[in-house]
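Quick look at run.txt (compact mmCIF, C-alpha atoms):
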# COMPACT_ATOMS: atom_id res chain seq x y z
CA MET M 17 119.89 103.57 79.06
CA LEU M 18 117.25 102.74 81.67
CA TYR M 19 114.73 105.55 82.09
CA LEU M 20 112.63 105.71 85.25
CA VAL M 21 109.73 107.95 84.33
CA GLY M 22 107.15 109.43 86.70
CA LEU M 23 103.63 109.62 85.26
CA GLY M 24 102.08 112.03 87.76
CA LEU M 25 98.72 111.40 89.39
CA GLY M 26 95.91 112.09 86.97
CA ASP M 27 95.73 110.72 83.44
CA ALA M 28 97.87 110.07 80.37
CA LYS M 29 98.62 113.78 79.84
CA ASP M 30 100.28 114.22 83.23
CA ILE M 31 103.57 112.81 81.95
CA THR M 32 106.21 115.54 81.45
CA VAL M 33 107.38 116.52 77.96
CA LYS M 34 110.82 115.16 78.85
CA GLY M 35 109.24 111.89 80.02
CA LEU M 36 107.15 111.52 76.88
CA GLU M 37 110.16 112.09 74.64
CA ALA M 38 112.07 109.38 76.51
CA VAL M 39 109.17 106.91 76.27
CA ARG M 40 108.79 107.43 72.53
CA ARG M 41 112.43 106.60 71.82
CA CYS M 42 112.52 103.44 73.98
CA ARG M 43 112.45 99.94 72.52
CA ARG M 44 110.60 98.47 75.51
CA VAL M 45 108.31 100.31 77.93
CA TYR M 46 107.21 98.77 81.23
CA LEU M 47 104.33 100.07 83.36
CA GLU M 48 104.70 99.37 87.08
CA ALA M 49 101.30 98.17 88.17
CA TYR M 50 101.14 97.54 91.89
CA THR M 51 102.23 100.46 94.12
CA SER M 52 99.62 102.82 92.67
CA VAL M 53 97.06 103.23 89.89
CA LEU M 54 96.12 105.98 87.46
CA THR M 55 92.50 106.93 86.87
CA VAL M 56 92.87 105.78 83.26
CA GLY M 57 93.71 102.32 81.96
CA LYS M 58 96.74 100.94 80.12
CA GLU M 59 95.02 101.36 76.74
CA ALA M 60 94.60 105.13 77.21
CA LEU M 61 98.30 105.42 78.03
CA GLU M 62 99.31 103.35 74.99
CA GLU M 63 97.18 105.51 72.70
CA PHE M 64 98.66 108.77 74.02
CA TYR M 65 102.29 107.57 74.15
CA GLY M 66 102.09 105.74 70.84
CA LYS M 67 103.81 102.76 72.47
CA GLU M 68 102.83 99.29 73.60
CA LEU M 69 103.23 98.92 77.37
CA ILE M 70 104.34 95.79 79.21
CA LEU M 71 102.64 95.47 82.60
CA ALA M 72 105.15 94.85 85.40
CA ASP M 73 103.54 93.45 88.54
CA ARG M 74 105.23 93.03 91.92
CA GLU M 75 106.49 89.57 90.98
CA THR M 76 108.13 90.84 87.78
CA VAL M 77 109.83 93.80 89.44
CA GLU M 78 111.01 92.01 92.58
CA GLN M 79 111.87 88.59 91.19
CA GLU M 80 112.46 89.08 87.47
CA ALA M 81 114.12 92.50 87.39
CA ASP M 82 116.82 91.14 85.08
CA SER M 83 114.21 90.67 82.33
CA ILE M 84 113.39 94.39 82.55
CA LEU M 85 117.08 95.29 82.31
CA LYS M 86 117.80 92.84 79.48
CA GLU M 87 119.64 94.60 76.64
CA ALA M 88 119.25 97.98 78.39
CA ASP M 89 122.98 98.39 77.83
CA ILE M 90 122.47 98.44 74.05
CA CYS M 91 118.99 99.97 73.72
CA ASP M 92 116.69 102.30 75.65
CA VAL M 93 114.21 100.81 78.14
CA ALA M 94 111.64 102.79 80.12
CA PHE M 95 110.07 101.89 83.44
CA LEU M 96 106.95 103.97 84.11
CA VAL M 97 105.78 104.67 87.65
CA VAL M 98 102.53 106.36 88.71
CA GLY M 99 103.46 109.49 90.68
CA ASP M 100 107.23 109.84 91.08
CA PRO M 101 109.73 107.03 90.39
CA PHE M 102 111.06 107.03 93.96
CA GLY M 103 107.71 106.89 95.74
CA ALA M 104 108.47 103.20 96.48
CA THR M 105 111.74 101.61 97.59
CA THR M 106 111.40 98.78 95.04
CA HIS M 107 112.50 101.20 92.37
CA SER M 108 115.75 101.97 94.18
CA ASP M 109 116.47 98.25 93.93
CA LEU M 110 116.03 98.42 90.14
CA VAL M 111 118.53 101.30 89.94
CA LEU M 112 121.07 99.40 92.05
CA ARG M 113 120.71 96.35 89.78
CA ALA M 114 121.23 98.52 86.69
CA VAL M 115 124.38 100.11 88.16
CA LYS M 116 125.72 96.65 89.04
CA LEU M 117 125.24 95.58 85.41
CA GLY M 118 126.93 98.73 84.13
CA ILE M 119 123.67 100.12 82.67
CA PRO M 120 123.35 103.93 82.83
CA TYR M 121 120.05 105.27 84.13
CA LYS M 122 118.12 108.53 84.11
CA VAL M 123 115.25 109.58 86.39
CA ILE M 124 112.47 111.86 85.11
CA HIS M 125 110.49 113.12 88.09
CA ASN M 126 106.81 114.02 88.40
CA ALA M 127 104.22 114.94 91.03
CA SER M 128 103.39 112.34 93.66
CA ILE M 129 100.91 112.15 96.53
CA MET M 130 103.82 113.10 98.81
CA ASN M 131 103.73 116.69 97.54
CA ALA M 132 100.31 116.92 95.86
CA VAL M 133 98.73 116.35 99.28
CA GLY M 134 99.34 120.08 99.80
CA CYS M 135 96.13 120.64 97.77
CA CYS M 136 94.14 120.48 101.01
CA GLY M 137 95.94 123.53 102.40
CA LEU M 138 98.14 121.87 105.01
CA GLN M 139 101.76 122.97 104.73
CA LEU M 140 104.14 120.27 103.48
CA TYR M 141 106.90 121.20 105.92
CA ASN M 142 104.49 120.54 108.82
CA PHE M 143 104.20 116.83 107.96
CA GLY M 144 106.00 114.18 109.98
CA GLU M 145 106.70 110.56 109.04
CA THR M 146 104.38 109.12 106.38
CA VAL M 147 102.65 105.89 107.38
CA SER M 148 100.98 103.02 105.52
CA VAL M 149 97.64 101.75 106.80
CA VAL M 150 97.23 98.07 105.89
CA PHE M 151 94.06 96.03 105.53
CA TRP M 152 93.34 94.08 108.71
CA THR M 153 92.37 90.42 108.58
CA ASP M 154 90.59 88.27 111.16
CA THR M 155 93.93 87.10 112.53
CA TRP M 156 96.24 90.07 111.83
CA LYS M 157 95.46 93.54 113.16
CA PRO M 158 98.72 95.51 113.47
CA GLU M 159 98.65 98.85 115.28
CA SER M 160 102.23 100.05 114.73
CA PHE M 161 101.14 102.76 112.28
CA PHE M 162 98.98 104.30 115.03
CA ASP M 163 102.04 104.76 117.26
CA LYS M 164 103.77 106.69 114.47
CA ILE M 165 100.72 108.93 113.98
CA GLU M 166 100.65 109.61 117.74
CA LYS M 167 104.35 110.47 117.75
CA ASN M 168 103.87 112.91 114.86
CA ARG M 169 100.93 114.53 116.65
CA GLN M 170 102.87 114.86 119.90
CA ASN M 171 105.45 116.76 117.87
CA GLY M 172 102.74 118.95 116.35
CA MET M 173 103.14 117.33 112.91
CA HIS M 174 100.51 116.17 110.42
CA THR M 175 100.55 112.55 109.22
CA LEU M 176 99.93 111.44 105.65
CA CYS M 177 98.45 107.93 105.73
CA LEU M 178 98.86 105.98 102.49
CA LEU M 179 96.08 103.43 102.28
CA ASP M 180 96.53 99.79 101.34
CA ILE M 181 96.30 98.46 97.78
CA LYS M 182 95.82 94.75 97.13
CA VAL M 183 96.56 93.89 93.50
CA LYS M 184 97.30 90.38 92.22
CA GLU M 185 97.02 88.89 95.72
CA GLN M 186 96.47 85.18 96.22
CA SER M 187 94.30 83.54 98.87
CA LEU M 188 96.21 81.46 101.42
CA GLU M 189 94.73 78.27 99.93
CA ASN M 190 95.76 79.13 96.35
CA LEU M 191 99.19 80.22 97.56
CA MET M 192 99.77 76.94 99.41
CA LYS M 193 98.57 74.87 96.45
CA GLY M 194 100.71 76.88 94.02
CA ARG M 195 97.68 77.96 91.98
CA LYS M 196 98.12 81.20 90.04
CA ILE M 197 94.60 82.36 90.90
CA TYR M 198 94.37 85.96 92.12
CA GLU M 199 91.87 87.81 94.25
CA PRO M 200 90.02 90.83 92.76
CA PRO M 201 91.89 94.13 93.35
CA ARG M 202 91.02 95.95 96.58
CA TYR M 203 91.73 99.55 97.47
CA MET M 204 91.31 100.82 101.02
CA SER M 205 88.93 103.77 101.40
CA VAL M 206 89.18 106.68 103.83
CA THR M 207 86.14 105.21 105.60
CA GLN M 208 87.86 101.85 106.16
CA ALA M 209 91.08 103.51 107.38
CA ALA M 210 89.14 105.72 109.81
CA GLU M 211 87.23 102.69 111.13
CA GLN M 212 90.52 100.90 111.87
CA LEU M 213 91.90 103.96 113.67
CA LEU M 214 88.71 104.25 115.75
CA ALA M 215 88.99 100.55 116.68
CA ILE M 216 92.58 101.11 117.85
CA ILE M 217 91.47 104.09 119.97
CA GLN M 218 88.87 101.86 121.66
CA ASN M 219 91.48 99.12 122.21
CA ARG M 220 93.88 101.59 123.83
CA ARG M 221 91.18 102.90 126.15
CA LEU M 222 90.35 99.36 127.23
CA GLN M 223 94.03 99.06 128.15
CA GLY M 224 93.74 102.14 130.35
CA GLU M 225 95.36 104.60 127.93
CA GLU M 226 93.98 107.90 126.67
CA PRO M 227 95.29 108.15 123.09
CA GLU M 228 96.69 111.37 121.65
CA ILE M 229 94.23 110.91 118.76
CA THR M 230 90.49 110.76 119.46
CA GLU M 231 87.20 110.59 117.56
CA ASN M 232 87.27 114.42 117.47
CA THR M 233 90.75 114.84 115.98
CA ILE M 234 90.53 116.82 112.75
CA CYS M 235 91.41 114.71 109.70
CA VAL M 236 91.35 115.12 105.94
CA GLY M 237 90.18 112.54 103.42
CA LEU M 238 91.47 112.78 99.85
CA ALA M 239 90.42 110.81 96.79
CA ARG M 240 91.88 110.67 93.26
CA VAL M 241 94.26 113.60 93.86
CA GLY M 242 95.26 115.15 90.53
CA ALA M 243 92.24 113.78 88.63
CA PRO M 244 89.39 116.00 87.36
CA ASP M 245 87.02 114.43 89.92
CA GLN M 246 89.41 114.86 92.86
CA LYS M 247 87.61 115.05 96.23
CA ILE M 248 88.71 116.48 99.57
CA ALA M 249 86.76 116.27 102.82
CA SER M 250 87.79 117.58 106.23
CA GLY M 251 86.24 116.88 109.60
CA THR M 252 86.64 114.76 112.68
CA LEU M 253 88.05 111.24 112.56
CA TYR M 254 84.55 109.97 113.31
CA GLN M 255 83.14 111.93 110.34
CA MET M 256 85.83 110.38 108.13
CA SER M 257 84.43 106.94 109.02
CA THR M 258 81.13 107.88 107.36
CA VAL M 259 82.27 110.12 104.46
CA GLU M 260 81.78 108.86 100.88
CA LEU M 261 84.56 109.86 98.49
CA GLY M 262 83.99 107.45 95.60
CA GLY M 263 86.54 105.32 93.76
CA PRO M 264 90.26 104.86 94.48
CA LEU M 265 92.89 105.98 95.28
CA HIS M 266 92.27 107.40 98.76
CA SER M 267 94.61 108.97 101.35
CA LEU M 268 93.96 110.14 104.90
CA ILE M 269 95.66 112.92 106.86
CA VAL M 270 95.62 113.12 110.66
CA THR M 271 96.38 116.73 111.58
CA GLY M 272 98.83 117.98 114.20
CA THR M 273 99.20 121.61 115.30
CA MET M 274 97.62 123.90 112.73
CA HIS M 275 98.49 127.41 111.64
CA PRO M 276 95.35 129.62 111.36
CA LEU M 277 95.82 129.70 107.54
CA GLU M 278 95.85 125.89 107.42
CA LEU M 279 92.65 125.86 109.45
CA GLU M 280 90.99 128.37 107.11
CA MET M 281 91.90 126.22 104.11
CA LEU M 282 90.54 123.04 105.71
CA LYS M 283 87.23 124.80 106.38
CA LEU M 284 86.77 125.05 102.59
CA PHE M 285 86.43 121.25 102.53
CA SER M 286 84.54 120.70 105.80
CA VAL M 287 81.91 117.99 106.04
CA ASP M 288 80.27 120.08 108.77
CA SER M 289 81.61 123.54 109.64
CA SER M 290 80.68 123.09 113.30
CA SER M 291 83.48 120.49 113.56
CA PHE M 292 85.93 123.38 113.41
CA GLU M 293 84.00 125.97 115.41
CA ASN M 294 82.89 123.97 118.44
CA ASN M 295 86.01 122.03 119.28
CA ALA M 296 88.20 123.19 122.12
CA PHE M 297 90.74 120.50 121.14
CA GLN M 298 91.83 122.58 118.15
CA ARG M 299 95.59 123.07 118.12
CA THR M 300 96.74 126.23 116.40
CA THR M 301 100.00 128.11 116.37
Transcribe the structure of this file into structure tokens.
Amino acid sequence: MLYLVGLGLGDAKDITVKGLEAVRRCRRVYLEAYTSVLTVGKEALEEFYGKELILADRETVEQEADSILKEADICDVAFLVVGDPFGATTHSDLVLRAVKLGIPYKVIHNASIMNAVGCCGLQLYNFGETVSVVFWTDTWKPESFFDKIEKNRQNGMHTLCLLDIKVKEQSLENLMKGRKIYEPPRYMSVTQAAEQLLAIIQNRRLQGEEPEITENTICVGLARVGAPDQKIASGTLYQMSTVELGGPLHSLIVTGTMHPLELEMLKLFSVDSSSFENNAFQRTT
């Protein structure tokens, strides 16, 4: 049996009882280590689970999936994912491979950022398409995610922005020379994401457009959701470009039309209460 086990968002104890029981009876246990991170390290997980974990990076999961599934037809193998197992499409690929090989599988779900984001008070059913905000480079500055945020906002929907994670990335030079030398991990902050959005707004104005999203659009910054030191900050997009929320992982929400109750909840986390009181742009239903 292949078990896909969600670990939740906080620490080692966020695994479900059902998930922990599955892990403890498995011969091999893999920890997926590139779509997200827990606030605790591999060692803390091993101590709590009583099992040695094998780190599975992007390369392993995408190119060497057969090694994960090896002998899973005659013994139990677990694949651990931070959040919920189906938070990333890569894991669907693993299931399809298992089915093709005749290996039965079982999914043990857990909380993910996709539902835990409700902690800020915005209603989950008022969210539109989720977008990923990627790190820009000097030569690559995509804006497609901005169009999706605008479309959500035009429809009155909030947008959850998942912020880029760079783990086990190679520089172009090392990649071209085939050297297995990796860059230090990088995790996008709410500040960096807000700065990129503000830059796109300026670009659009230079092109004669007036974007649906402005410096005054109410946004929410979230950090380490589910951890004891979780932080939430609400305010304008401009305020999000200066807010300090500490270590990873961060997420950003761009609001759409808000119900008065949603607005009241966001005020609990406001950087500056006047952001909510003095803005005529506020959309409420």
Could you tell me how far atom CA of M:Tyr19 sits from atom CA of M:Ile90, in Å to one decimal place? 13.2 Å
Considering all atoms listed in the file, return as an MDAnalysis selection string whatever protein or nucleic-acid residues lie within 9 Å of stretch 127-136 of chain M, sequence-local ones (same chain, fewer than 3 positions apart) excluded. chainID M and resid 22:25 30 98:101 103 139:140 146 176 178 236 238 241:242 248:250 267 269 278 281:282 284:285
Could you give me the axis-aligned bounding box of stretch 277-281 of chain M, with 4 Å of padding per side, as centre plus edge lengths in Å to one decimal, as lines of an AutoDock Vina configuration file?
center_x = 93.4
center_y = 127.8
center_z = 106.8
size_x = 12.9
size_y = 11.8
size_z = 13.3
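Considering the residues M:Val77, M:Asp154, M:His125, M:Glu211 and counting all atoms listed in the file, M:Asp109 has its shortest atom-to-atom contact with M:Val77.
A straight line drawn from atom CA of M:Pro244 to atom CA of M:Leu61 is 16.7 Å long.
Among the candidate residues M:Gly137, M:Gly272, M:Gly224, M:Pro264, the one lying nearest to M:Arg240 is M:Pro264, with distances computed using all atoms listed in the file.
Every protein, DNA or RNA residue with an atom at most 6 Å from M:Ala72, where all atoms listed in the file count and chain neighbours fewer than 6 positions away do not, is listed here: M:Leu47, M:Glu48, M:Ala49.
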Applying 12 Å and only C-alpha atoms, which residues near M:Thr76 remain after dropping the ones on its own chain fewer than 5 positions away? List them as a short mmCIF file (atom, residue, chain, number, x, y, z; two decimals) with C-alpha atoms, keeping the file's coordinate frame.
data_model
loop_
_atom_site.label_atom_id
_atom_site.label_comp_id
_atom_site.auth_asym_id
_atom_site.auth_seq_id
_atom_site.Cartn_x
_atom_site.Cartn_y
_atom_site.Cartn_z
CA TYR M 46 107.21 98.77 81.23
CA LEU M 47 104.33 100.07 83.36
CA GLU M 48 104.70 99.37 87.08
CA ALA M 49 101.30 98.17 88.17
CA TYR M 50 101.14 97.54 91.89
CA ILE M 70 104.34 95.79 79.21
CA LEU M 71 102.64 95.47 82.60
CA ALA M 81 114.12 92.50 87.39
CA ASP M 82 116.82 91.14 85.08
CA SER M 83 114.21 90.67 82.33
CA ILE M 84 113.39 94.39 82.55
CA LEU M 85 117.08 95.29 82.31
CA THR M 106 111.40 98.78 95.04
CA LEU M 110 116.03 98.42 90.14
CA LYS M 184 97.30 90.38 92.22
#
Figure out the distance between atom CA of M:Pro120 and atom CA of M:Cys42, please, to one decimal in Å. 14.0 Å
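Take the candidates M:Met274, M:Ala239, M:Val287, M:Met204 and check each one against M:Phe143 using all atoms listed in the file; the shortest distance goes to M:Met274.
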Restricting the calculation to only C-alpha atoms: of M:Leu279, M:Met173, M:Val45, M:Ala243, which residue gets closest to M:Gly263? M:Ala243
Might you pull out every residue within 8 Å of M:Val147, with all atoms listed in the file counted and same-chain residues fewer than 6 positions away left off, and present them as number ranges by chain? M: 161, 164-165, 175-178
Using only C-alpha atoms, pick whichever of M:Val270, M:Gln223, M:Ala88, M:Gly251 has the shortest atom-to-atom distance to M:Glu166. M:Val270
Which neighbours of M:Lys122 fall inside 8 Å, counting only C-alpha atoms, when residues of the same chain fewer than 6 positions from it are skipped, and could you give them as a VMD selection string? chain M and resid 17 to 20
